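Visitor: What follows is target.pdb; its format and atoms are PDB, C-alpha atoms.
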```pdb
ATOM      1  CA  MET A  13     -22.827  32.231 -18.132
ATOM      2  CA  LYS A  14     -20.885  29.881 -20.415
ATOM      3  CA  LYS A  15     -17.664  30.622 -18.535
ATOM      4  CA  GLU A  16     -19.389  29.850 -15.241
ATOM      5  CA  LYS A  17     -20.669  26.488 -16.510
ATOM      6  CA  THR A  18     -17.197  25.593 -17.791
ATOM      7  CA  THR A  19     -15.719  26.435 -14.399
ATOM      8  CA  GLN A  20     -18.325  24.340 -12.604
ATOM      9  CA  LEU A  21     -17.798  21.406 -14.956
ATOM     10  CA  LEU A  22     -14.021  21.484 -14.529
ATOM     11  CA  SER A  23     -14.471  21.727 -10.780
ATOM     12  CA  LEU A  24     -16.729  18.668 -10.845
ATOM     13  CA  LEU A  25     -14.172  16.680 -12.891
ATOM     14  CA  ALA A  26     -11.337  17.666 -10.556
ATOM     15  CA  GLY A  27     -13.528  16.697  -7.609
ATOM     16  CA  ILE A  28     -14.083  13.235  -9.076
ATOM     17  CA  VAL A  29     -10.314  12.763  -9.446
ATOM     18  CA  PHE A  30      -9.756  13.692  -5.795
ATOM     19  CA  LEU A  31     -12.608  11.459  -4.623
ATOM     20  CA  VAL A  32     -11.436   8.423  -6.606
ATOM     21  CA  SER A  33      -7.891   8.991  -5.381
ATOM     22  CA  GLY A  34      -8.970   9.334  -1.739
ATOM     23  CA  ILE A  35     -11.303   6.328  -1.842
ATOM     24  CA  GLY A  36      -8.652   4.188  -3.550
ATOM     25  CA  LYS A  37      -6.101   5.092  -0.885
ATOM     26  CA  SER A  38      -8.615   4.409   1.904
ATOM     27  CA  LEU A  39      -9.079   0.855   0.611
ATOM     28  CA  ALA A  40      -5.326   0.254   0.951
ATOM     29  CA  ALA A  41      -4.257   2.725   3.630
ATOM     30  CA  PHE A  42      -1.478   0.552   5.029
ATOM     31  CA  GLN A  43      -0.009   0.027   1.577
ATOM     32  CA  PHE A  44      -0.073   3.784   1.034
ATOM     33  CA  SER A  45       1.523   4.388   4.443
ATOM     34  CA  GLN A  46       4.374   2.011   3.581
ATOM     35  CA  LEU A  47       4.932   3.881   0.342
ATOM     36  CA  LEU A  48       5.392   7.064   2.380
ATOM     37  CA  VAL A  49       7.946   5.269   4.574
ATOM     38  CA  LEU A  50      10.093   4.750   1.482
ATOM     39  CA  TYR A  51      10.850   8.472   1.511
ATOM     40  CA  GLY A  52      13.177   7.784   4.419
ATOM     41  CA  PHE A  53      11.237   8.720   7.534
ATOM     42  CA  GLU A  54       9.122   6.128   9.337
ATOM     43  CA  PHE A  55       6.870   8.741  10.959
ATOM     44  CA  LEU A  56       5.575   9.667   7.473
ATOM     45  CA  GLN A  57       3.361   6.587   7.546
ATOM     46  CA  PHE A  58       1.094   8.368  10.034
ATOM     47  CA  LEU A  59       0.387  11.045   7.442
ATOM     48  CA  ALA A  60      -1.453   8.499   5.285
ATOM     49  CA  PRO A  61      -4.895   8.855   6.963
ATOM     50  CA  ILE A  62      -4.532  12.651   7.044
ATOM     51  CA  ILE A  63      -3.755  12.826   3.317
ATOM     52  CA  ILE A  64      -6.725  10.564   2.563
ATOM     53  CA  VAL A  65      -9.151  12.711   4.572
ATOM     54  CA  ILE A  66      -7.840  15.938   3.004
ATOM     55  CA  GLU A  67      -8.299  14.489  -0.492
ATOM     56  CA  ILE A  68     -11.858  13.416   0.249
ATOM     57  CA  ILE A  69     -12.826  16.802   1.711
ATOM     58  CA  ILE A  70     -11.285  18.680  -1.226
ATOM     59  CA  GLY A  71     -12.954  16.300  -3.664
ATOM     60  CA  MET A  72     -16.402  16.807  -2.153
ATOM     61  CA  LEU A  73     -16.063  20.603  -2.037
ATOM     62  CA  LEU A  74     -14.980  20.696  -5.683
ATOM     63  CA  PHE A  75     -17.681  18.246  -6.738
ATOM     64  CA  PHE A  76     -20.429  20.356  -5.177
ATOM     65  CA  ASN A  77     -18.833  23.660  -6.288
ATOM     66  CA  ILE A  78     -18.572  24.949  -2.722
ATOM     67  CA  LYS A  79     -16.451  28.074  -2.186
ATOM     68  CA  LEU A  80     -14.631  27.411  -5.447
ATOM     69  CA  LYS A  81     -12.146  30.258  -5.118
ATOM     70  CA  GLN A  82     -10.779  29.043  -1.800
ATOM     71  CA  THR A  83     -11.207  25.335  -2.481
ATOM     72  CA  SER A  84      -9.467  25.401  -5.873
ATOM     73  CA  LEU A  85      -6.527  27.307  -4.368
ATOM     74  CA  ILE A  86      -6.146  24.744  -1.570
ATOM     75  CA  ALA A  87      -6.457  21.884  -4.071
ATOM     76  CA  LEU A  88      -3.885  23.550  -6.326
ATOM     77  CA  CYS A  89      -1.342  23.880  -3.503
ATOM     78  CA  PHE A  90      -2.056  20.350  -2.274
ATOM     79  CA  THR A  91      -1.509  18.833  -5.729
ATOM     80  CA  ALA A  92       1.626  20.909  -6.333
ATOM     81  CA  VAL A  93       3.190  19.830  -3.018
ATOM     82  CA  LEU A  94       2.472  16.136  -3.623
ATOM     83  CA  SER A  95       3.840  16.422  -7.161
ATOM     84  CA  ILE A  96       7.082  17.954  -5.892
ATOM     85  CA  VAL A  97       7.410  15.211  -3.260
ATOM     86  CA  TYR A  98       6.820  12.553  -5.918
ATOM     87  CA  LEU A  99       9.466  14.068  -8.219
ATOM     88  CA  TYR A 100      11.918  14.116  -5.324
ATOM     89  CA  GLY A 101      11.223  10.429  -4.648
ATOM     90  CA  PHE A 102      11.549   9.533  -8.317
ATOM     91  CA  PHE A 103      14.856  11.312  -8.964
ATOM     92  CA  PHE A 104      16.600  10.850  -5.616
ATOM     93  CA  ILE A 105      15.143   7.695  -3.997
ATOM     94  CA  ASN A 106      14.153   5.692  -7.084
ATOM     95  CA  ILE A 107      10.436   5.592  -6.197
ATOM     96  CA  SER A 108       8.409   5.241  -9.378
ATOM     97  CA  ASP A 109       5.051   4.281  -7.856
ATOM     98  CA  CYS A 110       3.072   7.373  -6.864
ATOM     99  CA  GLY A 111       0.331   5.327  -5.185
ATOM    100  CA  CYS A 112      -2.084   8.015  -6.356
ATOM    101  CA  PHE A 113      -5.130   5.783  -6.598
ATOM    102  CA  GLY A 114      -4.253   3.170  -3.978
ATOM    103  CA  HIS A 115      -6.410   0.077  -4.379
ATOM    104  CA  PHE A 116      -7.370   1.128  -7.907
ATOM    105  CA  SER A 117      -3.854   0.296  -9.106
ATOM    106  CA  VAL A 118      -5.030   0.025 -12.714
ATOM    107  CA  LEU A 119      -5.336   3.838 -12.668
ATOM    108  CA  ASN A 120      -1.752   4.358 -11.533
ATOM    109  CA  MET A 121       0.426   5.417 -14.451
ATOM    110  CA  SER A 122       4.069   5.490 -15.431
ATOM    111  CA  PRO A 123       6.129   8.368 -13.998
ATOM    112  CA  PHE A 124       5.844  10.380 -17.221
ATOM    113  CA  PHE A 125       2.059  10.154 -17.386
ATOM    114  CA  THR A 126       1.771  10.674 -13.626
ATOM    115  CA  VAL A 127       3.567  14.013 -13.928
ATOM    116  CA  LEU A 128       1.581  14.880 -17.064
ATOM    117  CA  ARG A 129      -1.716  14.087 -15.325
ATOM    118  CA  ASN A 130      -0.769  16.215 -12.337
ATOM    119  CA  LEU A 131       0.186  19.114 -14.592
ATOM    120  CA  VAL A 132      -3.199  18.881 -16.320
ATOM    121  CA  LEU A 133      -4.938  18.782 -12.946
ATOM    122  CA  ILE A 134      -2.938  21.790 -11.748
ATOM    123  CA  GLY A 135      -3.898  23.615 -14.941
ATOM    124  CA  ILE A 136      -7.592  22.856 -14.377
ATOM    125  CA  LEU A 137      -7.438  24.005 -10.773
ATOM    126  CA  LEU A 138      -5.598  27.171 -11.766
ATOM    127  CA  TYR A 139      -8.291  27.934 -14.343
ATOM    128  CA  VAL A 140     -11.043  27.340 -11.788
ATOM    129  CA  PHE A 141      -9.263  29.596  -9.299
ATOM    130  CA  LEU A 142      -8.803  32.433 -11.799
ATOM    131  CA  LYS A 143     -12.250  32.239 -13.380
ATOM    132  CA  SER A 144     -14.430  31.561 -10.368
ATOM    133  CA  ALA A 145     -15.879  34.488  -8.477
ATOM    134  CA  ASP A 146     -15.630  34.767  -4.724
ATOM    135  CA  SER A 147     -18.472  32.681  -3.352
ATOM    136  CA  ASN A 148     -19.787  31.949   0.102
ATOM    137  CA  LYS A 149     -21.912  29.073  -1.107
ATOM    138  CA  LYS A 150     -22.424  26.507   1.612
ATOM    139  CA  PRO A 151     -23.642  22.943   1.115
ATOM    140  CA  ASP A 152     -27.402  22.496   1.371
ATOM    141  CA  LYS A 153     -28.945  19.896   3.647
ATOM    142  CA  ASN A 154     -28.826  17.044   1.137
ATOM    143  CA  GLU A 155     -25.254  17.824   0.122
ATOM    144  CA  MET A 156     -24.223  17.977   3.772
ATOM    145  CA  ILE A 157     -25.773  14.563   4.476
ATOM    146  CA  ILE A 158     -23.969  13.042   1.478
ATOM    147  CA  MET A 159     -20.657  14.622   2.460
ATOM    148  CA  VAL A 160     -20.889  13.445   6.062
ATOM    149  CA  CYS A 161     -21.805   9.901   4.988
ATOM    150  CA  ILE A 162     -18.911   9.728   2.507
ATOM    151  CA  LEU A 163     -16.421  11.128   5.004
ATOM    152  CA  CYS A 164     -17.531   8.747   7.766
ATOM    153  CA  ALA A 165     -17.368   5.747   5.432
ATOM    154  CA  VAL A 166     -13.901   6.684   4.162
ATOM    155  CA  CYS A 167     -12.595   7.294   7.689
ATOM    156  CA  PHE A 168     -13.886   3.892   8.801
ATOM    157  CA  VAL A 169     -12.395   2.042   5.821
ATOM    158  CA  ALA A 170      -9.089   3.919   6.038
ATOM    159  CA  GLY A 171      -8.847   3.208   9.768
ATOM    160  CA  TYR A 172      -9.577  -0.469   9.204
ATOM    161  CA  THR A 173      -7.109  -0.972   6.345
ATOM    162  CA  PHE A 174      -4.451   1.158   8.061
ATOM    163  CA  ASN A 175      -4.602  -1.004  11.203
ATOM    164  CA  GLU A 176      -5.223  -4.247   9.366
ATOM    165  CA  LYS A 177      -1.567  -5.164   9.737
ATOM    166  CA  GLU A 178      -2.070  -5.190  13.500
ATOM    167  CA  ASN A 179      -5.194  -7.360  13.274
ATOM    168  CA  VAL A 180      -3.360  -9.882  11.138
ATOM    169  CA  ALA A 181       0.142  -9.770  12.535
ATOM    170  CA  THR A 182      -0.813 -10.334  16.163
ATOM    171  CA  GLN A 183      -2.248 -13.734  15.234
ATOM    172  CA  TYR A 184       0.098 -16.712  15.311
ATOM    173  CA  ILE A 185       0.815 -19.466  12.875
ATOM    174  CA  THR A 186      -2.519 -21.169  13.625
ATOM    175  CA  LYS A 187      -3.950 -18.743  11.089
ATOM    176  CA  GLY A 188      -2.190 -20.609   8.284
ATOM    177  CA  LYS A 189      -4.442 -21.943   5.555
ATOM    178  CA  ASN A 190      -4.069 -24.379   2.686
ATOM    179  CA  ILE A 191      -4.323 -22.760  -0.715
ATOM    180  CA  ASN A 192      -2.581 -25.217  -3.127
ATOM    181  CA  ILE A 193      -1.909 -22.745  -5.934
ATOM    182  CA  ASP A 194       0.496 -23.440  -8.784
ATOM    183  CA  VAL A 195       3.381 -20.974  -8.478
ATOM    184  CA  LYS A 196       3.150 -20.033 -12.154
ATOM    185  CA  ASN A 197      -0.425 -18.822 -11.582
ATOM    186  CA  SER A 198       0.564 -16.473  -8.761
ATOM    187  CA  VAL A 199       2.256 -13.093  -8.403
ATOM    188  CA  LEU A 200       5.013 -14.892  -6.489
ATOM    189  CA  GLY A 201       5.729 -16.912  -9.625
ATOM    190  CA  GLU A 202       6.197 -13.708 -11.608
ATOM    191  CA  LEU A 203       8.960 -12.628  -9.243
ATOM    192  CA  MET A 204      10.736 -15.880  -8.419
ATOM    193  CA  THR A 205      11.716 -19.246  -9.868
ATOM    194  CA  PHE A 206      11.569 -22.382  -7.728
ATOM    195  CA  SER A 207      13.072 -25.846  -8.146
ATOM    196  CA  GLU A 208      10.595 -28.717  -8.203
ATOM    197  CA  ASP A 209      12.763 -30.927  -6.005
ATOM    198  CA  SER A 210      13.034 -28.399  -3.137
ATOM    199  CA  THR A 211      10.795 -26.873  -0.494
ATOM    200  CA  TYR A 212      10.795 -23.155   0.242
ATOM    201  CA  PHE A 213       9.633 -20.896   3.033
ATOM    202  CA  VAL A 214       9.084 -17.401   1.615
ATOM    203  CA  PHE A 215       8.763 -14.636   4.201
ATOM    204  CA  ILE A 216       7.301 -11.327   3.000
ATOM    205  CA  PHE A 217       8.038  -8.425   5.304
ATOM    206  CA  SER A 218       8.328  -4.669   5.689
ATOM    207  CA  TYR A 219      11.394  -3.018   7.203
ATOM    208  CA  SER A 220       9.123  -0.822   9.340
ATOM    209  CA  CYS A 221       6.790  -3.592  10.615
ATOM    210  CA  GLN A 222       7.509  -4.447  14.258
ATOM    211  CA  HIS A 223       5.862  -7.882  13.996
ATOM    212  CA  CYS A 224       8.085  -8.648  11.015
ATOM    213  CA  LEU A 225      11.188  -7.656  12.954
ATOM    214  CA  ASN A 226      10.076  -9.767  15.922
ATOM    215  CA  SER A 227       9.847 -12.785  13.591
ATOM    216  CA  ILE A 228      13.372 -12.603  12.171
ATOM    217  CA  GLU A 229      15.205 -14.554  14.889
ATOM    218  CA  ASN A 230      12.718 -17.422  14.569
ATOM    219  CA  LEU A 231      12.916 -17.265  10.770
ATOM    220  CA  LYS A 232      16.688 -17.775  11.008
ATOM    221  CA  GLN A 233      16.018 -21.216  12.535
ATOM    222  CA  TYR A 234      13.740 -22.544   9.788
ATOM    223  CA  GLU A 235      16.333 -23.765   7.326
ATOM    224  CA  ARG A 236      18.518 -25.210  10.095
ATOM    225  CA  PHE A 237      15.641 -27.141  11.660
ATOM    226  CA  GLY A 238      14.332 -28.439   8.347
ATOM    227  CA  VAL A 239      11.112 -26.458   8.067
ATOM    228  CA  ALA A 240      12.083 -25.991   4.408
ATOM    229  CA  ASP A 241      15.131 -26.575   2.221
ATOM    230  CA  LYS A 242      15.544 -22.867   1.618
ATOM    231  CA  VAL A 243      14.314 -19.705   3.346
ATOM    232  CA  ILE A 244      13.929 -16.524   1.297
ATOM    233  CA  ALA A 245      12.756 -13.133   2.550
ATOM    234  CA  LEU A 246      11.125 -10.604   0.218
ATOM    235  CA  SER A 247      10.779  -6.890   0.851
ATOM    236  CA  TYR A 248      10.826  -3.566  -1.007
ATOM    237  CA  LYS A 249      13.739  -1.404  -2.069
ATOM    238  CA  THR A 250      14.320   1.409   0.378
ATOM    239  CA  ASP A 251      17.409   3.453   1.160
ATOM    240  CA  SER A 252      20.646   1.446   1.227
ATOM    241  CA  VAL A 253      21.435   2.474   4.814
ATOM    242  CA  THR A 254      18.222   0.900   6.155
ATOM    243  CA  MET A 255      18.753  -2.347   4.236
ATOM    244  CA  GLN A 256      22.400  -2.667   5.283
ATOM    245  CA  LYS A 257      21.609  -1.812   8.901
ATOM    246  CA  PHE A 258      18.910  -4.504   8.940
ATOM    247  CA  LYS A 259      21.381  -7.174   7.773
ATOM    248  CA  GLU A 260      23.987  -6.113  10.314
ATOM    249  CA  ILE A 261      21.616  -5.965  13.281
ATOM    250  CA  PHE A 262      20.014  -9.364  12.636
ATOM    251  CA  ASN A 263      23.064 -11.052  11.094
ATOM    252  CA  VAL A 264      20.713 -12.782   8.657
ATOM    253  CA  ASN A 265      21.542 -16.231   7.324
ATOM    254  CA  PHE A 266      18.905 -16.272   4.581
ATOM    255  CA  GLU A 267      18.593 -14.587   1.205
ATOM    256  CA  ILE A 268      16.794 -11.232   1.038
ATOM    257  CA  ILE A 269      15.403  -9.984  -2.269
ATOM    258  CA  ASN A 270      14.242  -6.374  -2.474
ATOM    259  CA  TYR A 271      11.793  -5.416  -5.216
ATOM    260  CA  PRO A 272      10.579  -2.031  -6.456
ATOM    261  CA  PRO A 273       7.518  -1.002  -4.381
ATOM    262  CA  GLU A 274       5.110  -1.298  -7.314
ATOM    263  CA  GLN A 275       6.069  -4.975  -7.699
ATOM    264  CA  PHE A 276       6.392  -5.813  -4.024
ATOM    265  CA  PHE A 277       2.996  -4.488  -2.939
ATOM    266  CA  ARG A 278       1.302  -6.641  -5.573
ATOM    267  CA  LEU A 279       2.224  -9.627  -3.406
ATOM    268  CA  ASN A 280       0.428  -8.438  -0.291
ATOM    269  CA  ASN A 281      -0.133  -5.427   1.909
ATOM    270  CA  LYS A 282      -0.502  -7.387   5.149
ATOM    271  CA  PHE A 283       2.731  -8.108   6.973
ATOM    272  CA  PRO A 284       4.209 -10.442   7.814
ATOM    273  CA  VAL A 285       2.845 -13.066   5.435
ATOM    274  CA  SER A 286       4.644 -16.271   4.482
ATOM    275  CA  TYR A 287       4.273 -18.985   1.865
ATOM    276  CA  TYR A 288       5.273 -22.633   2.078
ATOM    277  CA  VAL A 289       6.190 -23.871  -1.423
ATOM    278  CA  GLU A 290       6.651 -27.528  -2.379
ATOM    279  CA  ASN A 291       6.922 -29.040  -5.881
ATOM    280  CA  ASN A 292       6.218 -25.611  -7.387
ATOM    281  CA  ILE A 293       2.906 -25.511  -5.503
ATOM    282  CA  ILE A 294       2.152 -22.866  -2.886
ATOM    283  CA  LYS A 295       0.810 -25.231  -0.250
ATOM    284  CA  MET A 296       0.150 -22.722   2.502
ATOM    285  CA  GLU A 297      -0.339 -19.033   3.100
ATOM    286  CA  ILE A 298       0.611 -18.106   6.648
ATOM    287  CA  HIS A 299      -0.262 -14.810   8.318
ATOM    288  CA  GLY A 300       1.310 -13.495  11.465
ATOM    289  CA  LEU A 301       4.215 -13.474  13.851
ATOM    290  CA  LEU A 302       6.416 -16.553  13.402
ATOM    291  CA  PRO A 303       6.972 -19.019  16.279
ATOM    292  CA  SER A 304      10.125 -21.019  16.887
ATOM    293  CA  GLY A 305      11.109 -23.329  14.065
ATOM    294  CA  LEU A 306      12.227 -26.153  16.384
ATOM    295  CA  ASN A 307       8.895 -27.982  16.487
ATOM    296  CA  SER A 308       5.826 -25.774  16.344
ATOM    297  CA  LEU A 309       5.911 -24.534  12.751
ATOM    298  CA  GLN A 310       7.157 -27.758  11.207
ATOM    299  CA  ASN A 311       4.508 -29.792  13.021
ATOM    300  CA  HIS A 312       1.821 -27.268  12.159
ATOM    301  CA  ILE A 313       2.634 -27.404   8.444
ATOM    302  CA  HIS A 314       2.688 -31.180   8.379
ATOM    303  CA  LEU A 315      -0.588 -31.353  10.290
ATOM    304  CA  LEU A 316      -2.393 -28.943   7.964
ATOM    305  CA  LEU A 317      -1.046 -30.626   4.854
ATOM    306  CA  HIS A 318      -2.113 -33.995   6.214
ATOM    307  CA  HIS A 319      -5.658 -32.748   6.765
ATOM    308  CA  SER A 320      -5.780 -31.244   3.262
ATOM    309  CA  ASN A 321      -4.709 -34.523   1.695
ATOM    310  CA  ASN A 322      -7.453 -36.328   3.570
TER     311      ASN A 322
END
```
Would you kindly transcribe this structure into structure tokens?

Guide:
Amino acid sequence: MKKEKTTQLLSLLAGIVFLVSGIGKSLAAFQFSQLLVLYGFEFLQFLAPIIIVIEIIIGMLLFFNIKLKQTSLIALCFTAVLSIVYLYGFFFINISDCGCFGHFSVLNMSPFFTVLRNLVLIGILLYVFLKSADSNKKPDKNEMIIMVCILCAVCFVAGYTFNEKENVATQYITKGKNINIDVKNSVLGELMTFSEDSTYFVFIFSYSCQHCLNSIENLKQYERFGVADKVIALSYKTDSVTMQKFKEIFNVNFEIINYPPEQFFRLNNKFPVSYYVENNIIKMEIHGLLPSGLNSLQNHIHLLLHHSNN
């Protein structure tokens, strides 16, 4: 009896871990999908919603102690596979962010503790698998209602945050807004240093975002047409071939700074997004595909700044 209670308790704890992980990823599905892209294959981003749903289903089955023998085995294999993939990314692609808990980034750990946590989780699941008897327990009516509600809610949120880049990026520069934030009080200020006597246009993009790529030719005009004194593009470190190919294809005339994913995704997970910086103040945050720099953007910035000053 004591052994059975221990098994059920460990199953419940493992279920909570899976649920928190799945919910956290659902709240930042696009960010998680971009992390998968870093492994070198763009199609991997479409696995993000599938992984989230699998985690939620496993978490609920473990939480309610449903078919523990089968569920714990599936959870064990799932965790082992993701751990192996993470280790591959860490040692061969320099990816240190596992993205395990998505939006709940405070729960994400250093590589050492990430591996240690996964080993503990694998140990718990192995114990549950070995100690639990074969069971055909099915969820009762109340459990089924709760499970369906959770799954529907997670699917909705994951779908929304996964496609949020499309909702934002298809809107033009008219979606710019005044924010007037001191650079030193922002994440941008943690990554970059600006001169007080210059203006900057900072373009934050993803190498796999089509709207970002469609903005590059217009971005190349901004320094030449005086939109800002200096144009800087920020992205994440991916494989060297992709980054070099990008520079060659677009023949870029602006500086590109690539940050580790765990730093870069603190800036934003909606692409493209741009910042207009003047006198060490972030004057504007601009979402969406960039128009030509000849007149439209420059006039738009001046118009918005004029209204804010009034």

Visitor: I'd like the contact shell of Ile66 of chain A - 10 Å cut-off, all atoms listed in the file, skipping same-chain residues fewer than 3 positions apart - returned as a ChimeraX atom specification.

Guide: /A:30,34,61-63,69-71,87,90

Visitor: Neighbours of Val65 of chain A within 9 Å (all atoms listed in the file; same-chain residues fewer than 5 positions away dropped), as a PyMOL selection string?

Guide: chain A and resi 34+38+60+70+163+166-167+170

Visitor: Which of these residues is nearest to Glu229 of chain A, using only C-alpha atoms: A:Phe262, A:Phe276, A:Tyr248, A:Phe103?

Guide: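 With only C-alpha atoms as the atom set, the closest residue is A:Phe262.
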
Visitor: Between A:Leu142, A:Cys110, A:Met296, A:Ile191, single out the one closest to Thr211 of chain A, counting only C-alpha atoms.

Guide: A:Met296

Visitor: Just to confirm, what's the straight-line distance from atom CA of Asp152 of chain A to atom CA of Cys89 of chain A in Å (one decimal)?

Guide: 26.5 Å

Visitor: Hey, can you check how far atom CA of Ser218 of chain A sits from atom CA of Phe283 of chain A?

Guide: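 Here the two named atoms are 6.7 Å from each other.
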
Visitor: Using only C-alpha atoms and a cutoff of 12 Å, can you tell me which residues are near (14.2, -16.0, 5.2) in the file's coordinates, and write them out as number ranges by chain?

Guide: A: 212-217, 224-225, 227-236, 239-247, 259, 262-269, 284-288, 302, 305

Visitor: Record the distance separating atom CA of Leu85 of chain A and atom CA of Phe141 of chain A, expressed in Å with one decimal.

Guide: 6.1 Å

Visitor: How would you write, as number ranges by chain, the residues chosen by the PyMOL selection byres ((chain A and resi 194) around 12) on this structure?

Guide: A: 191-193, 195-202, 206, 208, 288-296

Visitor: Can you write just those residues out, C-alpha atoms, as a PDB file, in the coordinates of the input?

Guide:
```
ATOM      1  CA  ILE A 191      -4.323 -22.760  -0.715  1.00  0.00           C
ATOM      2  CA  ASN A 192      -2.581 -25.217  -3.127  1.00  0.00           C
ATOM      3  CA  ILE A 193      -1.909 -22.745  -5.934  1.00  0.00           C
ATOM      4  CA  VAL A 195       3.381 -20.974  -8.478  1.00  0.00           C
ATOM      5  CA  LYS A 196       3.150 -20.033 -12.154  1.00  0.00           C
ATOM      6  CA  ASN A 197      -0.425 -18.822 -11.582  1.00  0.00           C
ATOM      7  CA  SER A 198       0.564 -16.473  -8.761  1.00  0.00           C
ATOM      8  CA  VAL A 199       2.256 -13.093  -8.403  1.00  0.00           C
ATOM      9  CA  LEU A 200       5.013 -14.892  -6.489  1.00  0.00           C
ATOM     10  CA  GLY A 201       5.729 -16.912  -9.625  1.00  0.00           C
ATOM     11  CA  GLU A 202       6.197 -13.708 -11.608  1.00  0.00           C
ATOM     12  CA  PHE A 206      11.569 -22.382  -7.728  1.00  0.00           C
ATOM     13  CA  GLU A 208      10.595 -28.717  -8.203  1.00  0.00           C
ATOM     14  CA  TYR A 288       5.273 -22.633   2.078  1.00  0.00           C
ATOM     15  CA  VAL A 289       6.190 -23.871  -1.423  1.00  0.00           C
ATOM     16  CA  GLU A 290       6.651 -27.528  -2.379  1.00  0.00           C
ATOM     17  CA  ASN A 291       6.922 -29.040  -5.881  1.00  0.00           C
ATOM     18  CA  ASN A 292       6.218 -25.611  -7.387  1.00  0.00           C
ATOM     19  CA  ILE A 293       2.906 -25.511  -5.503  1.00  0.00           C
ATOM     20  CA  ILE A 294       2.152 -22.866  -2.886  1.00  0.00           C
ATOM     21  CA  LYS A 295       0.810 -25.231  -0.250  1.00  0.00           C
ATOM     22  CA  MET A 296       0.150 -22.722   2.502  1.00  0.00           C
TER      23      MET A 296
END
```

Visitor: Using the chain letters and numbering of this document, enumerate as a VMD selection string the residues selected by the PyMOL selection byres ((chain A and resi 22) around 9).

Guide: chain A and resid 17 to 21 23 to 27 74 136 to 137 139 to 140

Visitor: Could you save the residues just selected, with C-alpha atoms, as a JSON list (two decimals), keeping the file's coordinate frame?

Guide:
```json
[["chain", "number", "residue", "atom", "x", "y", "z"],
["A", 17, "LYS", "CA", -20.67, 26.49, -16.51],
["A", 18, "THR", "CA", -17.20, 25.59, -17.79],
["A", 19, "THR", "CA", -15.72, 26.44, -14.40],
["A", 20, "GLN", "CA", -18.32, 24.34, -12.60],
["A", 21, "LEU", "CA", -17.80, 21.41, -14.96],
["A", 23, "SER", "CA", -14.47, 21.73, -10.78],
["A", 24, "LEU", "CA", -16.73, 18.67, -10.84],
["A", 25, "LEU", "CA", -14.17, 16.68, -12.89],
["A", 26, "ALA", "CA", -11.34, 17.67, -10.56],
["A", 27, "GLY", "CA", -13.53, 16.70, -7.61],
["A", 74, "LEU", "CA", -14.98, 20.70, -5.68],
["A", 136, "ILE", "CA", -7.59, 22.86, -14.38],
["A", 137, "LEU", "CA", -7.44, 24.00, -10.77],
["A", 139, "TYR", "CA", -8.29, 27.93, -14.34],
["A", 140, "VAL", "CA", -11.04, 27.34, -11.79]]
```

Visitor: Give me the result of the PyMOL selection byres ((chain A and resi 92) around 12) on this file, residue by residue, as a PDB file with C-alpha atoms, in the coordinates of the input.

Guide:
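Resulting contents of expr39.pdb:
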```pdb
ATOM      1  CA  SER A  84      -9.467  25.401  -5.873  1.00  0.00           C
ATOM      2  CA  LEU A  85      -6.527  27.307  -4.368  1.00  0.00           C
ATOM      3  CA  ILE A  86      -6.146  24.744  -1.570  1.00  0.00           C
ATOM      4  CA  ALA A  87      -6.457  21.884  -4.071  1.00  0.00           C
ATOM      5  CA  LEU A  88      -3.885  23.550  -6.326  1.00  0.00           C
ATOM      6  CA  CYS A  89      -1.342  23.880  -3.503  1.00  0.00           C
ATOM      7  CA  PHE A  90      -2.056  20.350  -2.274  1.00  0.00           C
ATOM      8  CA  THR A  91      -1.509  18.833  -5.729  1.00  0.00           C
ATOM      9  CA  VAL A  93       3.190  19.830  -3.018  1.00  0.00           C
ATOM     10  CA  LEU A  94       2.472  16.136  -3.623  1.00  0.00           C
ATOM     11  CA  SER A  95       3.840  16.422  -7.161  1.00  0.00           C
ATOM     12  CA  ILE A  96       7.082  17.954  -5.892  1.00  0.00           C
ATOM     13  CA  VAL A  97       7.410  15.211  -3.260  1.00  0.00           C
ATOM     14  CA  TYR A  98       6.820  12.553  -5.918  1.00  0.00           C
ATOM     15  CA  LEU A  99       9.466  14.068  -8.219  1.00  0.00           C
ATOM     16  CA  VAL A 127       3.567  14.013 -13.928  1.00  0.00           C
ATOM     17  CA  ARG A 129      -1.716  14.087 -15.325  1.00  0.00           C
ATOM     18  CA  ASN A 130      -0.769  16.215 -12.337  1.00  0.00           C
ATOM     19  CA  LEU A 131       0.186  19.114 -14.592  1.00  0.00           C
ATOM     20  CA  VAL A 132      -3.199  18.881 -16.320  1.00  0.00           C
ATOM     21  CA  LEU A 133      -4.938  18.782 -12.946  1.00  0.00           C
ATOM     22  CA  ILE A 134      -2.938  21.790 -11.748  1.00  0.00           C
ATOM     23  CA  GLY A 135      -3.898  23.615 -14.941  1.00  0.00           C
ATOM     24  CA  LEU A 137      -7.438  24.005 -10.773  1.00  0.00           C
ATOM     25  CA  LEU A 138      -5.598  27.171 -11.766  1.00  0.00           C
TER      26      LEU A 138
END
```

Visitor: Given all atoms listed in the file as the basis, pick out the residue of A:Ser108, A:Lys81, A:Pro151, A:Ser144 nearest to Asn120 of chain A.

Guide: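 Closest candidate: A:Ser108.
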
Visitor: Just checking: using all atoms listed in the file, which residue out of A:Gly238, A:Pro123, A:Gly101, A:Pro273 ends up closest to Leu47 of chain A?

Guide: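 Counting all atoms listed in the file, the residue closest to Leu47 of chain A is A:Pro273.
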
Visitor: Rank A:Asn77, A:Ser210, A:Asn190, A:Ser33 by their smallest atom-to-atom distance to Gly111 of chain A, using all atoms listed in the file, and report the top residue only.

Guide: A:Ser33
